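For reference, query21.pdb is printed below; it contains PDB, C-alpha atoms.
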ATOM      1  CA  MET A   1      97.012   5.236-186.379
ATOM      2  CA  THR A   2      99.681   2.640-187.297
ATOM      3  CA  MET A   3     100.650   0.189-184.580
ATOM      4  CA  LYS A   4     104.401   0.117-183.878
ATOM      5  CA  MET A   5     105.603  -3.389-183.082
ATOM      6  CA  TYR A   6     109.032  -4.664-182.042
ATOM      7  CA  ARG A   7     110.563  -8.143-182.259
ATOM      8  CA  GLN A   8     113.823  -9.870-181.383
ATOM      9  CA  ASP A   9     115.916  -8.053-183.980
ATOM     10  CA  ASP A  10     114.829  -4.661-182.601
ATOM     11  CA  ALA A  11     116.191  -5.241-179.108
ATOM     12  CA  ASP A  12     119.582  -5.789-177.501
ATOM     13  CA  VAL A  13     119.617  -7.034-173.921
ATOM     14  CA  THR A  14     123.238  -5.914-173.499
ATOM     15  CA  TRP A  15     121.870  -2.410-172.834
ATOM     16  CA  LEU A  16     121.184  -3.795-169.329
ATOM     17  CA  HIS A  17     124.691  -5.124-168.752
ATOM     18  CA  ALA A  18     126.291  -1.803-167.814
ATOM     19  CA  ALA A  19     124.678  -1.655-164.360
ATOM     20  CA  PRO A  20     122.465  -3.873-162.196
ATOM     21  CA  VAL A  21     118.693  -3.887-162.557
ATOM     22  CA  ALA A  22     116.794  -3.331-159.303
ATOM     23  CA  ILE A  23     113.379  -4.914-158.959
ATOM     24  CA  VAL A  24     111.331  -3.422-156.144
ATOM     25  CA  GLY A  25     108.663  -5.913-155.138
ATOM     26  CA  TYR A  26     108.940  -9.696-155.469
ATOM     27  CA  GLY A  27     105.320 -10.596-156.124
ATOM     28  CA  ASN A  28     103.692 -12.205-159.155
ATOM     29  CA  GLN A  29     105.234  -9.883-161.742
ATOM     30  CA  GLY A  30     108.444  -9.028-159.899
ATOM     31  CA  ARG A  31     109.464 -12.654-159.449
ATOM     32  CA  ALA A  32     108.912 -13.494-163.124
ATOM     33  CA  HIS A  33     110.857 -10.452-164.348
ATOM     34  CA  ALA A  34     113.693 -11.187-161.927
ATOM     35  CA  LEU A  35     114.054 -14.846-162.870
ATOM     36  CA  ASN A  36     113.790 -14.208-166.604
ATOM     37  CA  LEU A  37     116.287 -11.349-166.556
ATOM     38  CA  ARG A  38     118.727 -13.366-164.476
ATOM     39  CA  ASP A  39     118.457 -16.241-166.932
ATOM     40  CA  ALA A  40     119.130 -13.730-169.737
ATOM     41  CA  GLY A  41     122.458 -12.788-168.152
ATOM     42  CA  VAL A  42     121.377  -9.571-166.409
ATOM     43  CA  GLN A  43     122.587  -8.750-162.885
ATOM     44  CA  VAL A  44     119.426  -8.440-160.799
ATOM     45  CA  LEU A  45     119.073  -6.882-157.344
ATOM     46  CA  ILE A  46     115.878  -7.456-155.386
ATOM     47  CA  GLY A  47     114.689  -4.567-153.240
ATOM     48  CA  GLN A  48     112.349  -6.142-150.716
ATOM     49  CA  ARG A  49     111.432  -5.732-147.083
ATOM     50  CA  PRO A  50     111.366  -8.810-144.787
ATOM     51  CA  GLY A  51     108.296 -10.993-145.181
ATOM     52  CA  ARG A  52     106.907 -13.757-147.359
ATOM     53  CA  SER A  53     108.138 -12.233-150.623
ATOM     54  CA  PHE A  54     111.587 -11.687-149.097
ATOM     55  CA  ASP A  55     111.750 -15.355-148.125
ATOM     56  CA  ARG A  56     110.659 -16.452-151.579
ATOM     57  CA  ALA A  57     113.377 -14.357-153.189
ATOM     58  CA  VAL A  58     115.949 -16.023-150.935
ATOM     59  CA  ALA A  59     114.585 -19.443-151.872
ATOM     60  CA  ASP A  60     115.032 -18.482-155.539
ATOM     61  CA  GLY A  61     118.700 -17.720-154.969
ATOM     62  CA  PHE A  62     118.590 -13.945-154.502
ATOM     63  CA  ALA A  63     119.949 -11.975-151.558
ATOM     64  CA  PRO A  64     117.423  -9.109-151.194
ATOM     65  CA  TRP A  65     118.715  -5.631-150.486
ATOM     66  CA  PRO A  66     117.047  -2.763-148.644
ATOM     67  CA  VAL A  67     115.008  -0.919-151.258
ATOM     68  CA  ARG A  68     116.945   2.355-151.112
ATOM     69  CA  GLU A  69     120.305   0.594-151.516
ATOM     70  CA  ALA A  70     119.115  -1.496-154.462
ATOM     71  CA  VAL A  71     117.777   1.576-156.252
ATOM     72  CA  SER A  72     120.965   3.542-155.624
ATOM     73  CA  ALA A  73     123.072   0.771-157.174
ATOM     74  CA  ALA A  74     120.905   0.267-160.272
ATOM     75  CA  GLY A  75     120.852   1.593-163.796
ATOM     76  CA  LEU A  76     117.232   0.493-164.242
ATOM     77  CA  THR A  77     114.816   0.373-161.302
ATOM     78  CA  MET A  78     111.567  -1.501-161.886
ATOM     79  CA  LEU A  79     108.557  -0.928-159.629
ATOM     80  CA  THR A  80     106.571  -4.176-159.604
ATOM     81  CA  LEU A  81     104.407  -3.259-156.622
ATOM     82  CA  PRO A  82     100.605  -3.098-156.290
ATOM     83  CA  ASP A  83      99.107   0.133-157.629
ATOM     84  CA  GLU A  84      97.858   1.150-154.205
ATOM     85  CA  SER A  85     101.200   0.839-152.358
ATOM     86  CA  ALA A  86     103.701   1.845-155.065
ATOM     87  CA  ALA A  87     103.472   5.592-154.418
ATOM     88  CA  ASP A  88     104.146   5.184-150.691
ATOM     89  CA  VAL A  89     107.218   2.994-151.313
ATOM     90  CA  TYR A  90     108.409   5.401-154.000
ATOM     91  CA  ALA A  91     108.115   8.374-151.624
ATOM     92  CA  ALA A  92     109.848   6.581-148.762
ATOM     93  CA  ASP A  93     112.690   4.735-150.483
ATOM     94  CA  VAL A  94     112.871   5.130-154.255
ATOM     95  CA  GLY A  95     112.580   8.731-155.438
ATOM     96  CA  SER A  96     115.492  10.176-153.490
ATOM     97  CA  ALA A  97     117.747   7.202-154.369
ATOM     98  CA  LEU A  98     117.427   7.601-158.152
ATOM     99  CA  HIS A  99     120.524   8.961-159.855
ATOM    100  CA  PRO A 100     120.418  11.309-162.887
ATOM    101  CA  GLY A 101     120.588   9.386-166.146
ATOM    102  CA  THR A 102     119.141   6.182-164.731
ATOM    103  CA  THR A 103     115.786   4.670-165.685
ATOM    104  CA  LEU A 104     112.606   4.125-163.690
ATOM    105  CA  GLY A 105     110.437   1.318-165.055
ATOM    106  CA  PHE A 106     106.813   0.328-164.506
ATOM    107  CA  VAL A 107     104.777  -2.749-165.400
ATOM    108  CA  HIS A 108     101.520  -0.756-165.326
ATOM    109  CA  GLY A 109     100.930   2.939-165.970
ATOM    110  CA  PHE A 110      98.504   3.661-163.106
ATOM    111  CA  ASN A 111     100.717   5.779-160.839
ATOM    112  CA  ILE A 112     102.218   7.832-163.661
ATOM    113  CA  ARG A 113      98.934   8.322-165.511
ATOM    114  CA  PHE A 114      97.144   9.641-162.425
ATOM    115  CA  GLY A 115     100.072  11.539-160.929
ATOM    116  CA  PHE A 116     100.577   9.569-157.721
ATOM    117  CA  ILE A 117     104.263   9.229-158.659
ATOM    118  CA  GLN A 118     106.100  12.168-160.236
ATOM    119  CA  PRO A 119     109.690  11.201-161.095
ATOM    120  CA  PRO A 120     112.469  13.787-161.461
ATOM    121  CA  ALA A 121     113.121  15.211-164.919
ATOM    122  CA  ASP A 122     116.652  13.785-165.117
ATOM    123  CA  VAL A 123     115.637  10.093-165.222
ATOM    124  CA  ASN A 124     114.043   8.035-167.988
ATOM    125  CA  VAL A 125     110.535   6.770-167.290
ATOM    126  CA  VAL A 126     109.458   3.691-169.248
ATOM    127  CA  MET A 127     107.007   0.835-169.066
ATOM    128  CA  ILE A 128     106.990  -2.805-170.135
ATOM    129  CA  ALA A 129     103.579  -4.300-169.400
ATOM    130  CA  PRO A 130     103.277  -8.042-170.127
ATOM    131  CA  LYS A 131      99.789  -9.007-171.247
ATOM    132  CA  GLY A 132      99.316 -11.783-168.747
ATOM    133  CA  PRO A 133     100.220 -12.878-165.213
ATOM    134  CA  GLY A 134     103.777 -13.327-164.048
ATOM    135  CA  THR A 135     103.341 -17.086-163.786
ATOM    136  CA  LEU A 136     102.588 -17.274-167.517
ATOM    137  CA  LEU A 137     105.439 -14.877-168.334
ATOM    138  CA  ARG A 138     107.844 -17.206-166.539
ATOM    139  CA  GLN A 139     106.359 -20.419-167.944
ATOM    140  CA  LEU A 140     106.587 -19.253-171.550
ATOM    141  CA  PHE A 141     110.140 -17.980-171.064
ATOM    142  CA  VAL A 142     111.285 -21.353-169.719
ATOM    143  CA  GLU A 143     109.623 -23.038-172.698
ATOM    144  CA  GLY A 144     111.565 -20.812-175.097
ATOM    145  CA  LYS A 145     108.465 -18.788-175.980
ATOM    146  CA  GLY A 146     107.311 -15.291-175.059
ATOM    147  CA  LEU A 147     104.359 -13.360-173.732
ATOM    148  CA  PRO A 148     103.409 -10.200-175.695
ATOM    149  CA  ALA A 149     103.956  -6.913-173.885
ATOM    150  CA  LEU A 150     103.233  -3.222-174.233
ATOM    151  CA  LEU A 151     106.033  -0.628-174.284
ATOM    152  CA  ALA A 152     105.722   3.047-173.412
ATOM    153  CA  VAL A 153     108.220   5.862-172.952
ATOM    154  CA  HIS A 154     106.854   8.579-170.687
ATOM    155  CA  HIS A 155     110.081  10.578-170.440
ATOM    156  CA  ASP A 156     113.372  10.178-172.322
ATOM    157  CA  ALA A 157     116.005  12.039-170.329
ATOM    158  CA  THR A 158     119.014  10.359-171.935
ATOM    159  CA  GLY A 159     117.925   9.743-175.518
ATOM    160  CA  THR A 160     118.197   5.988-174.923
ATOM    161  CA  ALA A 161     114.992   5.256-172.996
ATOM    162  CA  ARG A 162     113.394   3.201-175.783
ATOM    163  CA  GLN A 163     116.505   1.043-176.245
ATOM    164  CA  ILE A 164     116.581   0.348-172.498
ATOM    165  CA  ALA A 165     112.895  -0.559-172.470
ATOM    166  CA  LEU A 166     113.370  -2.880-175.439
ATOM    167  CA  ALA A 167     116.342  -4.511-173.712
ATOM    168  CA  TRP A 168     114.103  -5.142-170.701
ATOM    169  CA  ALA A 169     111.436  -6.614-172.986
ATOM    170  CA  ALA A 170     114.018  -8.875-174.623
ATOM    171  CA  GLY A 171     115.345  -9.953-171.243
ATOM    172  CA  ILE A 172     111.945 -11.223-170.114
ATOM    173  CA  GLY A 173     111.226 -12.924-173.450
ATOM    174  CA  ALA A 174     108.511 -10.569-174.682
ATOM    175  CA  THR A 175     110.251  -9.835-177.984
ATOM    176  CA  ARG A 176     109.992 -13.543-178.830
ATOM    177  CA  ALA A 177     106.293 -12.767-179.347
ATOM    178  CA  ALA A 178     105.708  -9.049-179.941
ATOM    179  CA  VAL A 179     106.143  -5.758-178.120
ATOM    180  CA  VAL A 180     103.599  -3.102-179.070
ATOM    181  CA  GLU A 181     104.289   0.588-178.454
ATOM    182  CA  THR A 182     101.641   2.584-176.638
ATOM    183  CA  THR A 183     101.460   5.340-174.010
ATOM    184  CA  PHE A 184     101.102   5.225-170.242
ATOM    185  CA  ALA A 185      97.622   6.749-170.583
ATOM    186  CA  GLU A 186      96.394   4.311-173.225
ATOM    187  CA  GLU A 187      97.720   1.251-171.386
ATOM    188  CA  THR A 188      96.256   2.335-168.059
ATOM    189  CA  GLU A 189      92.841   3.356-169.334
ATOM    190  CA  THR A 190      92.296   0.279-171.510
ATOM    191  CA  ASP A 191      93.629  -2.044-168.801
ATOM    192  CA  LEU A 192      91.297  -0.684-166.127
ATOM    193  CA  PHE A 193      88.367  -0.663-168.533
ATOM    194  CA  GLY A 194      88.980  -4.275-169.564
ATOM    195  CA  GLU A 195      89.217  -5.387-165.934
ATOM    196  CA  GLN A 196      86.073  -3.587-164.836
ATOM    197  CA  VAL A 197      83.809  -4.170-167.813
ATOM    198  CA  VAL A 198      84.845  -7.650-168.999
ATOM    199  CA  LEU A 199      87.636  -9.608-167.369
ATOM    200  CA  CYS A 200      86.703  -9.201-163.716
ATOM    201  CA  GLY A 201      83.695  -6.953-163.133
ATOM    202  CA  GLY A 202      81.696  -7.968-166.191
ATOM    203  CA  VAL A 203      82.315 -11.711-165.939
ATOM    204  CA  SER A 204      81.736 -11.761-162.177
ATOM    205  CA  ALA A 205      78.501  -9.788-162.331
ATOM    206  CA  LEU A 206      77.127 -11.685-165.342
ATOM    207  CA  THR A 207      77.828 -15.157-163.968
ATOM    208  CA  LYS A 208      76.464 -14.232-160.531
ATOM    209  CA  ALA A 209      73.278 -12.774-162.017
ATOM    210  CA  ALA A 210      72.768 -15.838-164.244
ATOM    211  CA  PHE A 211      73.404 -18.220-161.331
ATOM    212  CA  GLU A 212      70.988 -16.347-159.076
ATOM    213  CA  THR A 213      68.308 -16.239-161.787
ATOM    214  CA  LEU A 214      68.342 -20.035-162.129
ATOM    215  CA  VAL A 215      68.416 -20.651-158.373
ATOM    216  CA  GLU A 216      65.545 -18.219-157.783
ATOM    217  CA  ALA A 217      63.582 -20.121-160.426
ATOM    218  CA  GLY A 218      64.040 -23.345-158.458
ATOM    219  CA  TYR A 219      67.008 -24.981-160.135
ATOM    220  CA  THR A 220      69.723 -26.768-158.133
ATOM    221  CA  PRO A 221      72.604 -24.425-157.210
ATOM    222  CA  GLU A 222      75.264 -26.908-158.291
ATOM    223  CA  LEU A 223      73.598 -27.367-161.684
ATOM    224  CA  ALA A 224      73.256 -23.603-162.067
ATOM    225  CA  TYR A 225      76.953 -23.193-161.317
ATOM    226  CA  LEU A 226      77.962 -25.901-163.795
ATOM    227  CA  GLU A 227      75.936 -24.283-166.575
ATOM    228  CA  CYS A 228      76.731 -20.614-165.945
ATOM    229  CA  VAL A 229      80.285 -20.711-164.635
ATOM    230  CA  HIS A 230      82.075 -24.037-164.990
ATOM    231  CA  GLU A 231      81.454 -24.363-168.719
ATOM    232  CA  LEU A 232      82.712 -20.830-169.316
ATOM    233  CA  LYS A 233      86.286 -22.131-169.558
ATOM    234  CA  GLN A 234      85.744 -24.008-172.815
ATOM    235  CA  ILE A 235      84.236 -20.912-174.446
ATOM    236  CA  VAL A 236      87.005 -18.605-173.222
ATOM    237  CA  ASP A 237      89.683 -21.062-174.343
ATOM    238  CA  LEU A 238      88.173 -21.146-177.842
ATOM    239  CA  LEU A 239      87.954 -17.344-177.970
ATOM    240  CA  TYR A 240      91.558 -17.089-176.791
ATOM    241  CA  SER A 241      93.013 -19.583-179.251
ATOM    242  CA  GLU A 242      90.781 -19.289-182.320
ATOM    243  CA  GLY A 243      88.525 -16.218-182.134
ATOM    244  CA  LEU A 244      84.806 -15.478-182.028
ATOM    245  CA  SER A 245      83.764 -16.999-185.361
ATOM    246  CA  ALA A 246      85.683 -20.231-184.712
ATOM    247  CA  MET A 247      84.144 -20.498-181.239
ATOM    248  CA  ARG A 248      80.688 -20.240-182.758
ATOM    249  CA  ARG A 249      81.512 -22.968-185.265
ATOM    250  CA  ARG A 250      82.499 -25.282-182.405
ATOM    251  CA  VAL A 251      79.278 -24.974-180.391
ATOM    252  CA  SER A 252      75.896 -26.351-181.398
ATOM    253  CA  ASN A 253      73.669 -24.526-183.881
ATOM    254  CA  THR A 254      71.183 -24.062-181.045
ATOM    255  CA  ALA A 255      73.830 -22.391-178.876
ATOM    256  CA  GLU A 256      75.018 -20.213-181.736
ATOM    257  CA  TYR A 257      71.500 -19.063-182.589
ATOM    258  CA  GLY A 258      70.872 -18.247-178.925
ATOM    259  CA  ASP A 259      74.172 -16.340-178.861
ATOM    260  CA  LEU A 260      73.329 -14.234-181.913
ATOM    261  CA  THR A 261      69.734 -13.474-180.948
ATOM    262  CA  ARG A 262      69.790 -13.227-177.135
ATOM    263  CA  GLY A 263      73.245 -11.818-176.448
ATOM    264  CA  PRO A 264      72.363  -8.361-177.806
ATOM    265  CA  ARG A 265      69.348  -8.258-175.464
ATOM    266  CA  LEU A 266      71.728  -8.512-172.498
ATOM    267  CA  VAL A 267      74.274  -5.994-173.750
ATOM    268  CA  SER A 268      71.703  -3.339-174.555
ATOM    269  CA  GLU A 269      72.103   0.383-175.173
ATOM    270  CA  GLN A 270      71.683   0.890-171.417
ATOM    271  CA  THR A 271      74.643  -1.454-170.844
ATOM    272  CA  ARG A 272      76.709   0.441-173.382
ATOM    273  CA  ARG A 273      75.853   3.741-171.684
ATOM    274  CA  GLU A 274      77.121   2.312-168.406
ATOM    275  CA  MET A 275      80.306   1.160-170.137
ATOM    276  CA  ARG A 276      80.877   4.683-171.430
ATOM    277  CA  ARG A 277      80.256   6.042-167.934
ATOM    278  CA  ILE A 278      82.801   3.631-166.447
ATOM    279  CA  LEU A 279      85.323   4.628-169.106
ATOM    280  CA  GLU A 280      84.813   8.291-168.292
ATOM    281  CA  GLU A 281      85.334   7.588-164.567
ATOM    282  CA  ILE A 282      88.639   5.955-165.481
ATOM    283  CA  ARG A 283      89.809   8.673-167.867
ATOM    284  CA  SER A 284      88.905  11.506-165.499
ATOM    285  CA  GLY A 285      90.849   9.892-162.647
ATOM    286  CA  GLU A 286      87.694   9.494-160.535
ATOM    287  CA  PHE A 287      88.136   5.734-160.172
ATOM    288  CA  ALA A 288      91.854   6.026-159.346
ATOM    289  CA  ARG A 289      91.224   8.644-156.653
ATOM    290  CA  GLU A 290      88.372   6.574-155.230
ATOM    291  CA  TRP A 291      90.489   3.414-155.047
ATOM    292  CA  ILE A 292      93.539   5.061-153.477
ATOM    293  CA  ALA A 293      91.326   6.872-150.949
ATOM    294  CA  GLU A 294      89.630   3.564-150.109
ATOM    295  CA  TYR A 295      92.992   1.837-149.613
ATOM    296  CA  ARG A 296      94.448   4.628-147.488
ATOM    297  CA  SER A 297      91.358   4.746-145.261
ATOM    298  CA  GLY A 298      91.682   1.081-144.348
ATOM    299  CA  ALA A 299      89.814  -0.553-147.262
ATOM    300  CA  LYS A 300      86.786  -1.363-145.089
ATOM    301  CA  ARG A 301      84.263  -1.127-147.933
ATOM    302  CA  PHE A 302      86.551  -3.187-150.157
ATOM    303  CA  GLN A 303      86.804  -5.944-147.545
ATOM    304  CA  ALA A 304      83.061  -5.888-146.825
ATOM    305  CA  LEU A 305      82.231  -6.313-150.516
ATOM    306  CA  TYR A 306      84.744  -9.143-150.808
ATOM    307  CA  GLU A 307      83.426 -10.957-147.743
ATOM    308  CA  ALA A 308      79.817 -10.697-148.905
ATOM    309  CA  ASP A 309      80.662 -12.544-152.117
ATOM    310  CA  ALA A 310      83.062 -14.992-150.454
ATOM    311  CA  HIS A 311      80.221 -16.419-148.348
ATOM    312  CA  SER A 312      77.486 -16.377-151.006
ATOM    313  CA  ALA A 313      75.437 -19.285-152.372
ATOM    314  CA  TYR A 314      77.422 -18.893-155.592
ATOM    315  CA  GLU A 315      80.685 -19.671-153.784
ATOM    316  CA  ARG A 316      79.138 -22.540-151.812
ATOM    317  CA  ALA A 317      78.000 -24.118-155.082
ATOM    318  CA  ALA A 318      81.447 -23.512-156.573
ATOM    319  CA  THR A 319      83.100 -25.354-153.678
ATOM    320  CA  ALA A 320      80.724 -28.306-154.071
ATOM    321  CA  VAL A 321      81.336 -28.550-157.822
ATOM    322  CA  ARG A 322      85.126 -28.321-157.513
ATOM    323  CA  ALA A 323      85.088 -31.057-154.878
ATOM    324  CA  LEU A 324      83.874 -33.438-157.587
ATOM    325  CA  MET A 325      87.014 -32.734-159.638
ATOM    326  CA  PRO A 326      90.111 -32.946-157.396
ATOM    327  CA  TRP A 327      92.336 -32.697-160.457
ATOM    328  CA  LEU A 328      91.468 -29.018-160.646
ATOM    329  CA  ARG A 329      93.574 -28.647-157.493
ATOM    330  CA  GLY A 330      96.403 -30.717-158.969
ATOM    331  CA  GLU A 331      95.478 -33.853-157.013
TER
END
Would you encode the structure as structure tokens?
Amino acid sequence: MTMKMYRQDDADVTWLHAAPVAIVGYGNQGRAHALNLRDAGVQVLIGQRPGRSFDRAVADGFAPWPVREAVSAAGLTMLTLPDESAADVYAADVGSALHPGTTLGFVHGFNIRFGFIQPPADVNVVMIAPKGPGTLLRQLFVEGKGLPALLAVHHDATGTARQIALAWAAGIGATRAAVVETTFAEETETDLFGEQVVLCGGVSALTKAAFETLVEAGYTPELAYLECVHELKQIVDLLYSEGLSAMRRRVSNTAEYGDLTRGPRLVSEQTRREMRRILEEIRSGEFAREWIAEYRSGAKRFQALYEADAHSAYERAATAVRALMPWLRGE
């Protein structure tokens, strides 16, 4: 399958000049999209209830509107809300305020992929998903650079959905790098899999298990943390900027030999079977239903799991190590 990629010449931000863009949710992603689009000459309305995010939008020079009013006035409405709350806000204030021929935009495909939000047939449904946090999206834009993003068109009611999505991508600076076309399903499934198996779940579980193995064997917790967690940054930075082979060239021969011979013993066939099981839970919707049910029931298990780790020996060692390097906190 050939990857479809878009750049600056493929997009025209003036597609967004005909009507305001409403951004519902002024969190990490919403703030970055709002500031970048405003700097690109787009009229931006913030739909936000009173609270910390409301106050931050005011501090950034916006005058937030009630969500329903912002959506009703917009040509493109972007939902930049957490997965678990987006469907409730959509049902209460967004769905009935959408006008035929307008566009509903997402920064992640979760609620469309698993059917928690079902837009009307007379609106476009698109996605622009930056491949990084909102803080980085904003930083790169200000520097004249761009963060790559994924584009998907779930429903094209007007025949212009892709042009509108590309205009959005150009307005946030993503076309300065590259915008890759995908589907809501592919983006959602790969995103959740990456989070669970590598970026969050895998890294967390692996570093905790390694830390605990050293401590149980009698090594100092702070030393165990330095070796198994703190030094991870230099490896990840090399992978990010130069790739696997270059990373291996930068470490010692001893480290590289240990990598090539011991790594496969950790990621065994049993590990791969569990990865395939996790992927199937994602694709079947089992994980999504479990998470939304957990959130709607008060998230007690979620909080208990979080608290157990927050007060662990691992975190105590982390606090002690970071205290030795105040510059990590910007001091």
Practice task
State, in Å with one decimal place, the distance from CA of Ala73 (chain A) to CA of Pro148 (chain A).
Solution key: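 Interatomic distance, CA of Ala73 (chain A) to CA of Pro148 (chain A): 29.2 Å.
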Exercise for the section: Write out as a PyMOL selection string each polymer residue whose atoms come within 12 Å of Val197 (chain A), counting all atoms listed in the file; drop sequence neighbours fewer than 2 positions from it. Expected result: chain A and resi 189-195+199-206+267+271-279+282
Take the residues just selected and output them with C-alpha atoms as a PDB file, in the frame of the given file.
ATOM      1  CA  GLU A 189      92.841   3.356-169.334  1.00  0.00           C
ATOM      2  CA  THR A 190      92.296   0.279-171.510  1.00  0.00           C
ATOM      3  CA  ASP A 191      93.629  -2.044-168.801  1.00  0.00           C
ATOM      4  CA  LEU A 192      91.297  -0.684-166.127  1.00  0.00           C
ATOM      5  CA  PHE A 193      88.367  -0.663-168.533  1.00  0.00           C
ATOM      6  CA  GLY A 194      88.980  -4.275-169.564  1.00  0.00           C
ATOM      7  CA  GLU A 195      89.217  -5.387-165.934  1.00  0.00           C
ATOM      8  CA  LEU A 199      87.636  -9.608-167.369  1.00  0.00           C
ATOM      9  CA  CYS A 200      86.703  -9.201-163.716  1.00  0.00           C
ATOM     10  CA  GLY A 201      83.695  -6.953-163.133  1.00  0.00           C
ATOM     11  CA  GLY A 202      81.696  -7.968-166.191  1.00  0.00           C
ATOM     12  CA  VAL A 203      82.315 -11.711-165.939  1.00  0.00           C
ATOM     13  CA  SER A 204      81.736 -11.761-162.177  1.00  0.00           C
ATOM     14  CA  ALA A 205      78.501  -9.788-162.331  1.00  0.00           C
ATOM     15  CA  LEU A 206      77.127 -11.685-165.342  1.00  0.00           C
ATOM     16  CA  VAL A 267      74.274  -5.994-173.750  1.00  0.00           C
ATOM     17  CA  THR A 271      74.643  -1.454-170.844  1.00  0.00           C
ATOM     18  CA  ARG A 272      76.709   0.441-173.382  1.00  0.00           C
ATOM     19  CA  ARG A 273      75.853   3.741-171.684  1.00  0.00           C
ATOM     20  CA  GLU A 274      77.121   2.312-168.406  1.00  0.00           C
ATOM     21  CA  MET A 275      80.306   1.160-170.137  1.00  0.00           C
ATOM     22  CA  ARG A 276      80.877   4.683-171.430  1.00  0.00           C
ATOM     23  CA  ARG A 277      80.256   6.042-167.934  1.00  0.00           C
ATOM     24  CA  ILE A 278      82.801   3.631-166.447  1.00  0.00           C
ATOM     25  CA  LEU A 279      85.323   4.628-169.106  1.00  0.00           C
ATOM     26  CA  ILE A 282      88.639   5.955-165.481  1.00  0.00           C
TER      27      ILE A 282
END
Return the padded bounding box of region 241-257 of chain A as JSON: axis-aligned, built from all atoms listed in the file, 6 Å added on each side, with centre and edge lengths in Å to one decimal.
{"center_x": 82.1, "center_y": -20.9, "center_z": -182.1, "size_x": 33.8, "size_y": 22.9, "size_z": 18.5}
Handout entry: Gap from CA of Gly101 (chain A) to CA of Glu187 (chain A) - Å, one decimal
Key =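 Separation between CA of Gly101 (chain A) and CA of Glu187 (chain A): 24.8 Å.
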Just the residues within 8 Å of Glu212 (chain A), please, counting only C-alpha atoms, with nothing from its chain fewer than 4 positions along; format it as a tab-separated table (two decimals) with C-alpha atoms, in the coordinates of the input.
chain	number	residue	atom	x	y	z
A	208	LYS	CA	76.46	-14.23	-160.53
A	216	GLU	CA	65.54	-18.22	-157.78
A	314	TYR	CA	77.42	-18.89	-155.59
Handout entry: Using only C-alpha atoms: which of A:Ala59, A:Ala74, A:Leu150, A:Ile46 has the shortest distance to Pro20 (chain A)
Key =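 For Pro20 (chain A), the nearest of the given residues is A:Ala74.
When the PyMOL selection byres ((chain A and resi 319) around 12) is evaluated on the file shown here, the picked residues come out as A:Pro221, A:Glu222, A:Tyr225, A:Leu226, A:His230, A:Ala310, A:His311, A:Ser312, A:Ala313, A:Tyr314, A:Glu315, A:Arg316, A:Ala317, A:Ala318, A:Ala320, A:Val321, A:Arg322, A:Ala323, A:Leu324, A:Met325, A:Pro326, A:Leu328, A:Arg329.
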Practice task
Return as a ChimeraX atom specification the set of residues that the PyMOL selection byres ((chain A and resi 12) around 12) yields on the displayed structure.
Solution key: /A:6-11,13-17,40,42,162-173,175
Exercise for the section: May I ask for the distance between CA of Gly134 (chain A) and CA of Glu281 (chain A), given in Å to one decimal place? Expected result: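 Going from CA of Gly134 (chain A) over to CA of Glu281 (chain A), I get 27.9 Å.
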